[in-house]
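Below: one structure, written as structure tokens.
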Amino acid sequence: MRTKQAGMDTVARLLPTAQLAGTGPGATPREAAHEESSTSCVDDFGFDKGDVTRGEPGYSWTLHYATRADYLTALERLRADWKAEGLTVTDEAPWDLPDKPGLPGISTRDHGIKLSLQQAWFGDEPTVYASGQCMRYHQQR
């Protein structure tokens, strides 16, 4: 829940300059969240037995900006906000596309949750990602 909330809080900072892509008018960050799957948290060695499972919460929000300049302005504003909160901000390199330059991005870690605003992993849309740490769960019966 903390991972999803941290991502939604990041998205909320970027609205209304950004629009939530792929959603109808009035959609909220909660409604626009896409759950990401991760294979990095799998119990490859069979240590987890019985009612124990693992999970690594991850969510993404695709954004739309009217212009590249609007995106770059929002990126710098978010960088300044995170730094003002005492968070370390790391640059994320753009993925250049054959027909246009990629989008630079930034990321930070806040209480073990990685947050980023960057180009989509498999596309060119600006995307907010929130990724938690690998956790073990005991299923209640």
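Chains: A, B, ... in order of the structure tokens. Residues: from 1 per chain. Ligands: from 1, in order shown.
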Skip A:Arg2 itself and residues of its chain fewer than 3 positions away, then list as a CSV table (one decimal) with C-alpha atoms, in the first residue's frame all residues within 9 Å of it, counting only C-alpha atoms.
```csv
chain,number,residue,atom,x,y,z
A,5,GLN,CA,0.6,5.7,-2.3
A,6,ALA,CA,4.1,7.0,-2.9
A,7,GLY,CA,3.6,6.7,-6.6
A,113,ILE,CA,10.5,2.7,-2.3
A,132,GLY,CA,9.0,-1.5,-3.4
```
Find the residues near A:Arg79: any atom within 9 Å, counting only C-alpha atoms, skip ones fewer than 6 places away on the same chain, and give them as a ChimeraX atom specification.
/A:89,106-107
Tell me, as a PyMOL selection string, which residues lie within 9 Å of stretch 10-24 of chain A, counting only C-alpha atoms; anything in the same chain fewer than 6 positions away does not count.
chain A and resi 31-32+61-66+70-71+74-75+77-78+115-117+125+128+130
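The spacing separating atom CA of A:Leu97 from atom CA of A:Phe122 amounts to 11.0 Å.
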Strand (DSSP E or B) positions in chain A, given as a PyMOL selection string
chain A and resi 19-20+34-35+52-55+58-64+90-92+97+100+105-110+113-119+126-131+135-138
Would you mind reading off the distance between atom CA of A:Gly123 and atom CA of A:Ala69, one decimal, in Å?
18.7 Å
